[in-house]
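Asker: Structure: upload.txt, compact mmCIF, C-alpha atoms and all ligand atoms.
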# COMPACT_ATOMS: atom_id res chain seq x y z
CA MET A 47 -37.85 -79.70 -91.58
CA ILE A 48 -41.48 -80.04 -90.67
CA ASP A 49 -43.20 -83.34 -90.90
CA ASP A 50 -46.75 -82.60 -92.07
CA MET A 51 -48.15 -85.85 -90.75
CA SER A 52 -46.86 -85.40 -87.22
CA GLU A 53 -48.01 -81.77 -87.33
CA ALA A 54 -51.55 -82.89 -88.19
CA GLY A 55 -51.42 -85.64 -85.59
CA ARG A 56 -50.31 -83.23 -82.94
CA ALA A 57 -53.04 -80.74 -83.84
CA GLN A 58 -55.63 -83.50 -83.63
CA ARG A 59 -54.38 -84.57 -80.22
CA LEU A 60 -54.54 -80.98 -79.00
CA LEU A 61 -58.00 -80.55 -80.50
CA GLY A 62 -59.14 -83.65 -78.62
CA ALA A 63 -57.88 -82.11 -75.39
CA ALA A 64 -59.56 -78.77 -76.04
CA LEU A 65 -63.02 -79.90 -77.10
CA PRO A 66 -65.72 -81.25 -74.77
CA ASP A 67 -65.96 -85.06 -74.91
CA GLY A 68 -66.62 -86.33 -78.42
CA LEU A 69 -67.93 -82.99 -79.58
CA VAL A 70 -68.66 -82.86 -83.29
CA ASN A 71 -71.83 -80.83 -83.56
CA LEU A 72 -72.54 -78.11 -81.06
CA PRO A 73 -74.35 -79.58 -78.05
CA ASN A 74 -77.77 -78.42 -76.85
CA ASP A 75 -76.47 -78.09 -73.34
CA ALA A 76 -74.86 -74.64 -73.19
CA THR A 77 -72.82 -75.46 -70.07
CA MET A 78 -70.68 -77.78 -72.21
CA LEU A 79 -69.51 -74.74 -74.11
CA MET A 80 -68.39 -72.79 -71.05
CA GLY A 81 -64.86 -71.59 -71.63
CA PHE A 82 -64.92 -73.08 -75.11
CA GLN A 83 -63.58 -69.98 -76.83
CA ARG A 84 -60.76 -69.69 -74.35
CA ARG A 85 -59.80 -73.33 -74.90
CA LEU A 86 -59.97 -72.94 -78.65
CA THR A 87 -57.76 -69.84 -78.55
CA ALA A 88 -55.28 -71.64 -76.33
CA LEU A 89 -55.29 -74.51 -78.80
CA ILE A 90 -54.60 -72.27 -81.78
CA ASP A 91 -51.80 -70.59 -79.81
CA ALA A 92 -50.33 -73.95 -78.89
CA VAL A 93 -50.34 -75.19 -82.48
CA HIS A 94 -48.68 -72.00 -83.73
CA ARG A 95 -46.20 -72.13 -80.91
CA LEU A 96 -45.16 -75.70 -81.68
CA LYS A 97 -44.82 -74.83 -85.34
CA LEU A 98 -42.66 -71.80 -84.61
CA ILE A 99 -40.46 -73.72 -82.22
CA ASP A 100 -40.04 -76.45 -84.85
CA GLN A 101 -39.00 -73.89 -87.42
CA SER A 102 -36.67 -71.86 -85.26
CA THR A 103 -32.92 -72.29 -85.27
CA ALA A 104 -30.91 -73.36 -82.21
CA VAL A 105 -29.79 -69.75 -81.66
CA GLU A 106 -33.36 -68.45 -81.83
CA ARG A 107 -34.54 -71.10 -79.37
CA ALA A 108 -31.68 -70.34 -77.00
CA TRP A 109 -32.58 -66.64 -77.08
CA LEU A 110 -36.30 -67.30 -76.65
CA GLU A 111 -35.58 -69.43 -73.61
CA SER A 112 -33.27 -66.78 -72.23
CA CYS A 113 -36.10 -64.25 -72.51
CA SER A 114 -38.27 -66.44 -70.26
CA GLY A 115 -38.46 -66.66 -66.47
CA PRO A 116 -39.78 -64.18 -63.91
CA THR A 117 -37.04 -61.57 -64.28
CA ALA A 118 -36.38 -61.57 -68.02
CA GLY A 119 -39.18 -59.26 -69.14
CA ALA A 120 -39.74 -57.55 -65.79
CA PHE A 121 -38.41 -54.27 -67.26
CA LEU A 122 -41.59 -54.05 -69.37
CA ARG A 123 -43.79 -53.57 -66.32
CA ILE A 124 -41.57 -51.11 -64.56
CA CYS A 125 -43.26 -47.93 -63.39
CA PRO A 126 -40.91 -45.03 -64.23
CA GLY A 127 -42.29 -42.86 -61.41
CA LEU A 128 -41.25 -45.37 -58.79
CA ILE A 129 -37.86 -46.28 -60.16
CA GLY A 130 -34.83 -44.07 -59.74
CA PRO A 131 -33.13 -42.42 -62.71
CA SER A 132 -30.16 -44.80 -62.57
CA VAL A 133 -32.49 -47.65 -63.56
CA ARG A 134 -34.97 -45.77 -65.75
CA MET A 135 -34.54 -46.40 -69.47
CA SER A 136 -34.48 -43.65 -72.07
CA PRO A 137 -36.88 -44.15 -74.99
CA ARG A 138 -33.93 -45.19 -77.18
CA GLU A 139 -32.70 -47.72 -74.63
CA PHE A 140 -36.21 -49.10 -74.26
CA THR A 141 -36.63 -49.44 -78.04
CA THR A 142 -33.28 -51.17 -78.38
CA THR A 143 -34.17 -53.55 -75.56
CA CYS A 144 -37.50 -54.41 -77.17
CA LEU A 145 -35.83 -55.05 -80.54
CA ARG A 146 -33.31 -57.32 -78.86
CA ARG A 147 -36.05 -59.16 -77.01
CA LEU A 148 -37.87 -59.75 -80.31
CA PHE A 149 -34.62 -60.98 -81.85
CA LEU A 150 -34.68 -58.31 -84.53
CA PRO A 151 -31.58 -56.77 -86.13
CA LEU A 152 -30.58 -53.50 -84.50
CA PRO A 153 -30.71 -50.54 -86.91
CA GLU A 154 -27.95 -48.84 -84.88
CA LEU A 155 -25.52 -51.60 -85.80
CA ALA A 156 -26.27 -51.26 -89.51
CA HIS A 157 -23.94 -48.22 -89.62
CA THR A 158 -21.08 -49.91 -87.96
CA SER A 159 -18.70 -52.58 -89.15
CA ALA A 160 -21.09 -55.07 -87.54
CA ARG A 161 -22.93 -54.91 -90.84
CA ALA A 162 -19.97 -56.62 -92.48
CA GLY A 163 -19.67 -59.01 -89.56
CA LEU A 164 -16.77 -57.17 -87.92
CA CYS A 165 -16.80 -56.08 -84.28
CA PRO A 166 -17.18 -52.28 -83.98
CA ALA A 167 -15.97 -52.10 -80.35
CA LEU A 168 -13.14 -49.62 -79.90
CA PRO A 169 -10.19 -50.99 -77.90
CA ALA A 170 -8.82 -49.03 -74.94
CA ALA A 171 -5.70 -46.96 -75.62
CA GLY A 172 -2.91 -49.34 -76.50
CA GLY A 173 -5.33 -52.28 -76.63
CA ARG A 174 -5.83 -54.55 -79.59
CA PRO A 175 -8.97 -54.37 -81.73
CA CYS A 176 -11.39 -57.29 -81.56
CA THR A 177 -11.18 -59.74 -84.44
CA ARG A 178 -14.23 -61.83 -83.54
CA ALA A 179 -17.23 -62.02 -85.84
CA CYS A 180 -20.07 -59.69 -84.90
CA ASP A 181 -23.81 -60.19 -85.48
CA ASN A 182 -26.39 -57.43 -85.95
CA ARG A 183 -28.50 -58.46 -82.95
CA GLY A 184 -25.93 -57.43 -80.39
CA ALA A 185 -25.08 -60.93 -79.17
CA HIS A 186 -21.36 -60.49 -79.71
CA LEU A 187 -21.14 -56.78 -78.97
CA THR A 188 -22.78 -57.02 -75.54
CA THR A 189 -20.42 -59.82 -74.48
CA CYS A 190 -17.27 -58.45 -76.13
CA ALA A 191 -14.56 -57.58 -73.61
CA THR A 192 -12.84 -55.07 -75.94
CA GLY A 193 -12.72 -51.58 -74.48
CA GLY A 194 -14.07 -52.86 -71.16
CA GLY A 195 -17.67 -53.10 -72.38
CA ALA A 196 -18.51 -56.46 -70.81
CA VAL A 197 -16.94 -55.40 -67.49
CA ILE A 198 -19.08 -52.25 -67.36
CA ILE A 199 -22.25 -54.30 -67.87
CA HIS A 200 -21.17 -56.77 -65.16
CA ASP A 201 -20.30 -54.02 -62.67
CA THR A 202 -23.54 -52.13 -63.33
CA VAL A 203 -25.61 -55.22 -62.61
CA ASN A 204 -23.52 -56.02 -59.55
CA ASP A 205 -23.91 -52.49 -58.16
CA ALA A 206 -27.69 -52.70 -58.59
CA LEU A 207 -27.78 -56.01 -56.73
CA ALA A 208 -25.72 -54.53 -53.90
CA ASN A 209 -27.53 -51.17 -53.68
CA PHE A 210 -31.16 -52.09 -54.33
CA GLY A 211 -30.92 -55.60 -52.85
CA PHE A 212 -28.32 -56.14 -50.14
CA ARG A 213 -28.09 -52.56 -48.82
CA GLN A 214 -31.87 -52.39 -48.37
CA VAL A 215 -31.74 -55.41 -46.09
CA TYR A 216 -28.36 -55.37 -44.36
CA PRO A 217 -26.80 -52.30 -42.73
CA PRO A 218 -25.29 -50.54 -45.80
CA ASN A 219 -21.84 -50.25 -44.23
CA LEU A 220 -21.76 -54.03 -43.75
CA VAL A 221 -22.13 -54.70 -47.48
CA LEU A 222 -18.99 -54.64 -49.62
CA SER A 223 -19.39 -54.58 -53.40
CA LYS A 224 -16.05 -53.37 -54.77
CA ARG A 225 -13.75 -56.20 -55.67
CA SER A 226 -10.61 -54.39 -54.54
CA GLU A 227 -12.24 -53.69 -51.16
CA ILE A 228 -13.42 -57.30 -50.78
CA ARG A 229 -10.03 -58.66 -51.77
CA GLU A 230 -8.28 -56.46 -49.23
CA HIS A 231 -10.78 -57.44 -46.52
CA LEU A 232 -10.36 -61.16 -47.20
CA LEU A 233 -6.57 -60.99 -47.28
CA GLN A 234 -6.70 -59.35 -43.83
CA LYS A 235 -9.35 -61.72 -42.51
CA PHE A 236 -7.47 -64.86 -43.51
CA GLY A 237 -4.08 -63.51 -42.43
CA LEU A 238 -2.71 -63.62 -45.97
CA ARG A 239 -1.68 -59.97 -46.02
CA LEU A 240 1.75 -60.71 -44.59
CA ALA A 241 2.81 -63.08 -47.31
CA ARG A 242 4.85 -61.77 -50.21
CA ASN A 243 2.68 -61.52 -53.33
CA ALA A 244 -0.39 -61.75 -51.13
CA GLN A 245 -2.97 -63.75 -53.07
CA LEU A 246 -6.36 -65.27 -52.43
CA PRO A 247 -6.43 -68.99 -53.28
CA PHE A 248 -9.86 -68.49 -54.90
CA PRO A 249 -11.55 -65.80 -57.05
CA THR A 250 -12.61 -62.52 -55.45
CA PRO A 251 -16.38 -62.38 -54.81
CA ASP A 252 -18.42 -59.42 -56.14
CA VAL A 253 -20.60 -58.84 -53.06
CA MET A 254 -19.92 -59.74 -49.45
CA THR A 255 -21.78 -59.09 -46.20
CA LEU A 256 -20.00 -58.56 -42.89
CA GLY A 257 -21.36 -58.93 -39.39
CA GLU A 258 -23.64 -61.64 -38.04
CA GLU A 259 -24.30 -63.26 -41.39
CA THR A 260 -21.40 -63.60 -43.80
CA LEU A 261 -22.44 -64.19 -47.39
CA TYR A 262 -20.40 -64.20 -50.60
CA VAL A 263 -21.87 -63.59 -54.05
CA ASP A 264 -20.13 -63.90 -57.38
CA THR A 265 -21.92 -62.13 -60.22
CA ARG A 266 -21.71 -63.31 -63.79
CA ILE A 267 -23.48 -62.29 -67.01
CA THR A 268 -23.59 -64.91 -69.73
CA ASP A 269 -25.11 -65.17 -73.20
CA PRO A 270 -26.94 -68.36 -74.21
CA ARG A 271 -25.88 -67.68 -77.80
CA GLY A 272 -22.17 -67.88 -76.96
CA ASP A 273 -20.22 -70.66 -78.65
CA SER A 274 -19.70 -72.88 -75.61
CA ASN A 275 -23.25 -72.30 -74.37
CA MET A 276 -24.62 -73.21 -77.79
CA ALA A 277 -22.58 -76.42 -77.79
CA GLN A 278 -23.99 -77.28 -74.38
CA GLY A 279 -27.51 -76.30 -75.40
CA ALA A 280 -27.30 -78.57 -78.43
CA ALA A 281 -26.16 -81.40 -76.18
CA ALA A 282 -29.06 -80.72 -73.79
CA ALA A 283 -31.47 -81.33 -76.71
CA ASP A 284 -34.93 -79.92 -77.10
CA GLY A 285 -36.96 -78.33 -74.36
CA ALA A 286 -34.39 -78.69 -71.60
CA GLY A 287 -32.49 -75.61 -72.76
CA ALA A 288 -34.16 -72.85 -70.70
CA GLY A 289 -31.65 -71.50 -68.24
CA ALA A 290 -29.01 -73.98 -69.41
CA ALA A 291 -26.42 -71.24 -69.93
CA ALA A 292 -27.13 -69.73 -66.49
CA GLU A 293 -26.94 -73.11 -64.75
CA ALA A 294 -23.70 -73.99 -66.56
CA ALA A 295 -22.15 -70.68 -65.46
CA ALA A 296 -23.37 -71.19 -61.88
CA ALA A 297 -21.84 -74.70 -61.79
CA GLN A 298 -18.58 -73.26 -63.14
CA LYS A 299 -18.56 -70.65 -60.36
CA LEU A 300 -18.96 -73.34 -57.69
CA ALA A 301 -16.05 -75.23 -59.27
CA ASP A 302 -13.95 -72.03 -59.30
CA TYR A 303 -14.52 -71.59 -55.53
CA ARG A 304 -13.81 -75.25 -54.67
CA GLN A 305 -10.47 -74.21 -53.12
CA ALA A 306 -12.25 -71.74 -50.84
CA PHE A 307 -14.58 -74.45 -49.49
CA GLU A 308 -11.90 -77.10 -49.19
CA GLY A 309 -9.48 -74.70 -47.53
CA ASN A 310 -12.20 -73.73 -44.99
CA PHE A 311 -12.09 -70.10 -46.05
CA MET A 312 -15.85 -70.18 -46.53
CA ARG A 313 -18.64 -72.72 -46.30
CA GLU A 314 -20.41 -73.67 -49.49
CA THR A 315 -23.70 -72.52 -47.90
CA GLN A 316 -22.27 -69.00 -47.52
CA PHE A 317 -21.58 -68.73 -51.23
CA ALA A 318 -23.97 -68.20 -54.13
CA PRO A 319 -23.43 -67.40 -57.80
CA PHE A 320 -25.67 -64.63 -59.17
CA VAL A 321 -25.92 -65.44 -62.87
CA MET A 322 -28.00 -63.51 -65.38
CA GLU A 323 -28.32 -64.50 -69.00
CA HIS A 324 -28.34 -61.66 -71.52
CA GLY A 325 -32.00 -62.38 -72.30
CA GLY A 326 -32.69 -61.71 -68.61
CA ARG A 327 -33.15 -65.23 -67.27
CA LEU A 328 -31.64 -65.89 -63.83
CA SER A 329 -29.84 -68.94 -62.53
CA LYS A 330 -31.73 -70.81 -59.80
CA SER A 331 -29.12 -69.63 -57.31
CA ALA A 332 -29.70 -65.99 -58.36
CA ASP A 333 -33.45 -66.27 -57.95
CA LYS A 334 -32.84 -67.79 -54.52
CA ILE A 335 -30.74 -64.77 -53.54
CA LEU A 336 -33.52 -62.37 -54.54
CA ARG A 337 -36.11 -64.44 -52.63
CA ARG A 338 -33.84 -64.52 -49.59
CA LEU A 339 -33.44 -60.73 -49.72
CA ALA A 340 -37.22 -60.36 -50.01
CA ALA A 341 -37.74 -62.61 -46.98
CA LEU A 342 -35.19 -60.64 -44.95
CA HIS A 343 -36.77 -57.35 -46.00
CA GLU A 344 -40.20 -58.60 -44.93
CA ALA A 345 -38.84 -59.84 -41.61
CA LYS A 346 -37.17 -56.50 -40.98
CA LEU A 347 -40.31 -54.53 -41.75
CA LEU A 348 -42.69 -56.76 -39.80
CA ASN A 349 -40.18 -57.36 -37.03
CA SER A 350 -40.62 -61.12 -37.29
CA PRO A 351 -38.30 -64.04 -38.15
CA PRO A 352 -37.77 -64.55 -41.92
CA SER A 353 -40.20 -67.01 -43.46
CA ASN A 354 -39.78 -69.22 -46.52
CA LYS A 355 -43.24 -68.27 -47.67
CA LEU A 356 -43.33 -64.63 -48.69
CA GLY A 357 -46.25 -62.45 -47.63
CA PRO A 358 -47.47 -59.33 -49.47
CA VAL A 359 -44.57 -57.20 -48.19
CA GLY A 360 -41.95 -59.72 -49.31
CA ASN A 361 -43.64 -60.27 -52.65
CA ARG A 362 -43.72 -56.53 -53.33
CA PHE A 363 -40.00 -56.34 -52.65
CA LEU A 364 -39.36 -59.39 -54.88
CA THR A 365 -41.31 -57.84 -57.78
CA MET A 366 -39.46 -54.57 -57.35
CA ILE A 367 -35.96 -56.08 -57.19
CA ARG A 368 -36.72 -58.31 -60.20
CA GLN A 369 -37.80 -55.25 -62.18
CA ILE A 370 -34.70 -53.37 -61.10
CA MET A 371 -32.33 -56.19 -62.04
CA SER A 372 -34.09 -56.68 -65.37
CA ALA A 373 -34.05 -52.96 -66.24
CA THR A 374 -30.44 -52.56 -65.08
CA LEU A 375 -29.15 -55.37 -67.29
CA HIS A 376 -31.13 -54.32 -70.36
CA LYS A 377 -30.29 -50.65 -69.90
CA ALA A 378 -26.58 -51.44 -69.58
CA THR A 379 -26.52 -53.67 -72.67
CA SER A 380 -28.50 -51.15 -74.74
CA ARG A 381 -26.15 -48.39 -73.70
CA ARG A 382 -23.24 -50.47 -74.88
CA ILE A 383 -24.82 -50.83 -78.33
CA LEU A 384 -25.91 -47.19 -78.53
CA THR A 385 -22.53 -45.87 -77.38
CA VAL A 386 -20.72 -47.81 -80.09
CA SER A 387 -23.25 -46.69 -82.69
CA ASP A 388 -23.11 -43.04 -81.64
CA ARG A 389 -19.32 -43.03 -81.77
CA VAL A 390 -19.36 -44.45 -85.29
CA LEU A 391 -21.93 -41.87 -86.43
CA PHE A 392 -19.92 -39.07 -84.88
CA THR A 393 -16.71 -40.29 -86.53
CA GLN A 394 -18.42 -40.53 -89.91
CA ALA A 395 -19.85 -37.04 -89.50
CA SER A 396 -16.53 -35.46 -88.56
CA ARG A 397 -14.72 -37.22 -91.39
CA ALA A 398 -17.24 -35.90 -93.86
CA ARG A 399 -16.60 -32.39 -92.56
CA ASP A 400 -12.82 -32.74 -92.85
CA GLY A 401 -13.32 -33.53 -96.53
CA GLY A 402 -14.52 -29.96 -96.96
CA GLU A 403 -18.02 -31.05 -97.75
CA PHE A 404 -20.30 -30.30 -94.81
CA ARG A 405 -22.49 -33.33 -94.53
CA VAL A 406 -23.47 -34.78 -91.20
CA LEU A 407 -25.03 -37.92 -92.62
CA ASP A 408 -26.63 -38.53 -95.97
CA ALA A 409 -30.35 -39.10 -96.20
CA LEU A 410 -29.99 -42.76 -97.05
CA THR A 411 -27.92 -43.46 -93.95
CA ILE A 412 -30.45 -41.69 -91.75
CA ALA A 413 -33.36 -43.52 -93.38
CA GLU A 414 -31.60 -46.78 -92.73
CA ALA A 415 -30.91 -45.84 -89.15
CA VAL A 416 -34.53 -45.16 -88.32
CA SER A 417 -36.26 -47.82 -90.36
CA GLY A 418 -33.72 -50.30 -91.65
CA LEU A 419 -34.58 -53.49 -89.87
CA GLY A 420 -33.65 -55.62 -92.90
ZN ZN B 1 -15.73 -57.83 -80.22
As structure tokens, what does this structure read like?
Ligand SMILES: [Zn+2]

Answerer:
Amino acid sequence: MIDDMSEAGRAQRLLGAALPDGLVNLPNDATMLMGFQRRLTALIDAVHRLKLIDQSTAVERAWLESCSGPTAGAFLRICPGLIGPSVRMSPREFTTTCLRRLFLPLPELAHTSARAGLCPALPAAGGRPCTRACDNRGAHLTTCATGGGAVIIHDTVNDALANFGFRQVYPPNLVLSKRSEIREHLLQKFGLRLARNAQLPFPTPDVMTLGEETLYVDTRITDPRGDSNMAQGAAAADGAGAGAAAEAAAAQKLADYRQAFEGNFMRETQFAPFVMEHGGRLSKSADKILRRLAALHEAKLLNSPPSNKLGPVGNRFLTMIRQIMSATLHKATSRRILTVSDRVLFTQASRARDGGEFRVLDALTIAEAVSGLG
């Protein structure tokens, strides 16, 4: 609900801030008007923005906030010539990512059972199908664990962090990024290998460095539109929601590793959660990791001790790694959606052929696929 009075009051207050002192008629002194158009445009933007935020639902706000922050939209500025093929998006992946960013329904999902609110993810052989409700913006599908989809997205992001981040800075052979390898290493290191049912008393990290500096990173991808995140976001009330899902997941990770700190297996300062929200926003701890890698890269290149204040070399690295992480996440999530959609199309096409009537897809279905945003 929008209160017209408060809307008008707010606009007036903003107008007062934008205009030169007490301006009613245009002043004779032209210097008073310097930057006037810019201020007026900013004012109009601000009024529209407030109005839109007032009108948006909690889910829309959560998604908007998740699409903010330095890494979220970094994929948009990526230069394909500089970025390797593993990170480069296909035109379809790019389109899907842009649609998701704009919170528009995905035409690909209109062919699948997602249209009826059912999850189209195919379970692995012998696995059970997903019974959760599915939306047409990909919120559920990109987080759904059925058929290993969510794990693939997680591992893809984690590999990018290890390869384009850690292995650029640390000697590559001193960076572990396979969980089985890390688990084995830690069991050996802490002398737990000998025990029957050898087990780590804490979760297995996703990245670990060996050698002079031992660091542990646990990677997590979370969606601000998930049920528990929405409940928390609602509790956080207006404005404070940006990054709430990422911070909640980071806090949970620290709690999960409590045993490791208390048992002196690792110091809390050696551990950091790397959390990315599906919109692209990073947890504070994740941004700190990227900044730390940039500082180490700069120090290595300039042969100087790492500094907290990044110079041009460090900033270039930071921009690059942010673009890579952004593109990797969005590429992986788009692929998940497109793979499901392509499988459904293929199945429909082959069924139609079995019926004796050769028909790949009818015209209406194709029209819907390319234009049906409704
Ligand atoms: Zn599902």

Asker: Interatomic distance between atom CA of Asp205 of chain A and atom CA of Glu154 of chain A?

Answerer: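 Atom CA of Asp205 of chain A sits 27.3 Å away from atom CA of Glu154 of chain A.
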
Asker: For a quick check of understanding, using only C-alpha atoms and all ligand atoms, which of A:Glu344, A:Asp91, A:Asp181, A:Asp100 has the smallest distance to ligand ZN 1 (chain B)?

Answerer: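 That would be A:Asp181, the residue with the smallest distance to ligand ZN 1 (chain B).
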
Asker: Using all atoms listed in the file, determine which residues fall within 6 Å of ligand ZN 1 (chain B), then list them as a ChimeraX atom specification.

Answerer: /A:165,167,176,178,187,190,192

Asker: Take the point (-32.8, -61.1, -53.7) as written in the file and pick out every residue within 7 Å of it, counting all atoms listed in the file; give the list as an NGL selection string.

Answerer: :A and (211 or 333-340 or 364 or 367)

Asker: Could you list, as a compact mmCIF listing (two decimals) with C-alpha atoms, keeping the file's coordinate frame, every residue within 10 Å of segment 265-274 of chain A, counting only C-alpha atoms and ignoring same-chain residues fewer than 3 positions away?

Answerer:
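The file below, out.txt, is the result:
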# COMPACT_ATOMS: atom_id res chain seq x y z
CA ALA A 104 -30.91 -73.36 -82.21
CA VAL A 105 -29.79 -69.75 -81.66
CA GLU A 106 -33.36 -68.45 -81.83
CA ARG A 107 -34.54 -71.10 -79.37
CA ALA A 108 -31.68 -70.34 -77.00
CA TRP A 109 -32.58 -66.64 -77.08
CA LEU A 110 -36.30 -67.30 -76.65
CA GLU A 111 -35.58 -69.43 -73.61
CA SER A 112 -33.27 -66.78 -72.23
CA ALA A 185 -25.08 -60.93 -79.17
CA HIS A 186 -21.36 -60.49 -79.71
CA THR A 188 -22.78 -57.02 -75.54
CA THR A 189 -20.42 -59.82 -74.48
CA ALA A 196 -18.51 -56.46 -70.81
CA VAL A 197 -16.94 -55.40 -67.49
CA ILE A 199 -22.25 -54.30 -67.87
CA HIS A 200 -21.17 -56.77 -65.16
CA ASP A 201 -20.30 -54.02 -62.67
CA VAL A 203 -25.61 -55.22 -62.61
CA ASN A 204 -23.52 -56.02 -59.55
CA LEU A 207 -27.78 -56.01 -56.73
CA PRO A 251 -16.38 -62.38 -54.81
CA ASP A 252 -18.42 -59.42 -56.14
CA VAL A 253 -20.60 -58.84 -53.06
CA TYR A 262 -20.40 -64.20 -50.60
CA ALA A 277 -22.58 -76.42 -77.79
CA GLN A 278 -23.99 -77.28 -74.38
CA GLY A 279 -27.51 -76.30 -75.40
CA ALA A 280 -27.30 -78.57 -78.43
CA GLY A 287 -32.49 -75.61 -72.76
CA ALA A 288 -34.16 -72.85 -70.70
CA GLY A 289 -31.65 -71.50 -68.24
CA ALA A 290 -29.01 -73.98 -69.41
CA ALA A 291 -26.42 -71.24 -69.93
CA ALA A 292 -27.13 -69.73 -66.49
CA ALA A 294 -23.70 -73.99 -66.56
CA ALA A 295 -22.15 -70.68 -65.46
CA ALA A 296 -23.37 -71.19 -61.88
CA LYS A 299 -18.56 -70.65 -60.36
CA ALA A 318 -23.97 -68.20 -54.13
CA PRO A 319 -23.43 -67.40 -57.80
CA PHE A 320 -25.67 -64.63 -59.17
CA VAL A 321 -25.92 -65.44 -62.87
CA MET A 322 -28.00 -63.51 -65.38
CA GLU A 323 -28.32 -64.50 -69.00
CA HIS A 324 -28.34 -61.66 -71.52
CA GLY A 325 -32.00 -62.38 -72.30
CA GLY A 326 -32.69 -61.71 -68.61
CA ARG A 327 -33.15 -65.23 -67.27
CA LEU A 328 -31.64 -65.89 -63.83
CA SER A 329 -29.84 -68.94 -62.53
CA ALA A 332 -29.70 -65.99 -58.36
CA LEU A 375 -29.15 -55.37 -67.29

Asker: Could you check the closest approach to Ala373 of chain A for each of A:Met312, A:Ala297, A:Leu256, A:Ala120 and tell me which residue wins, using all atoms listed in the file?

Answerer: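 Ranking A:Met312, A:Ala297, A:Leu256, A:Ala120 by distance to Ala373 of chain A, first place goes to A:Ala120.
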
Asker: For atom CA of Glu293 of chain A and atom CA of Lys330 of chain A, quote the distance in Å rounded to one decimal.

Answerer: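 According to the coordinates, atom CA of Glu293 of chain A and atom CA of Lys330 of chain A are separated by 7.3 Å.
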
Asker: Hey, can you check how far atom CA of Gly130 of chain A sits from atom CA of Met366 of chain A?

Answerer: 11.7 Å
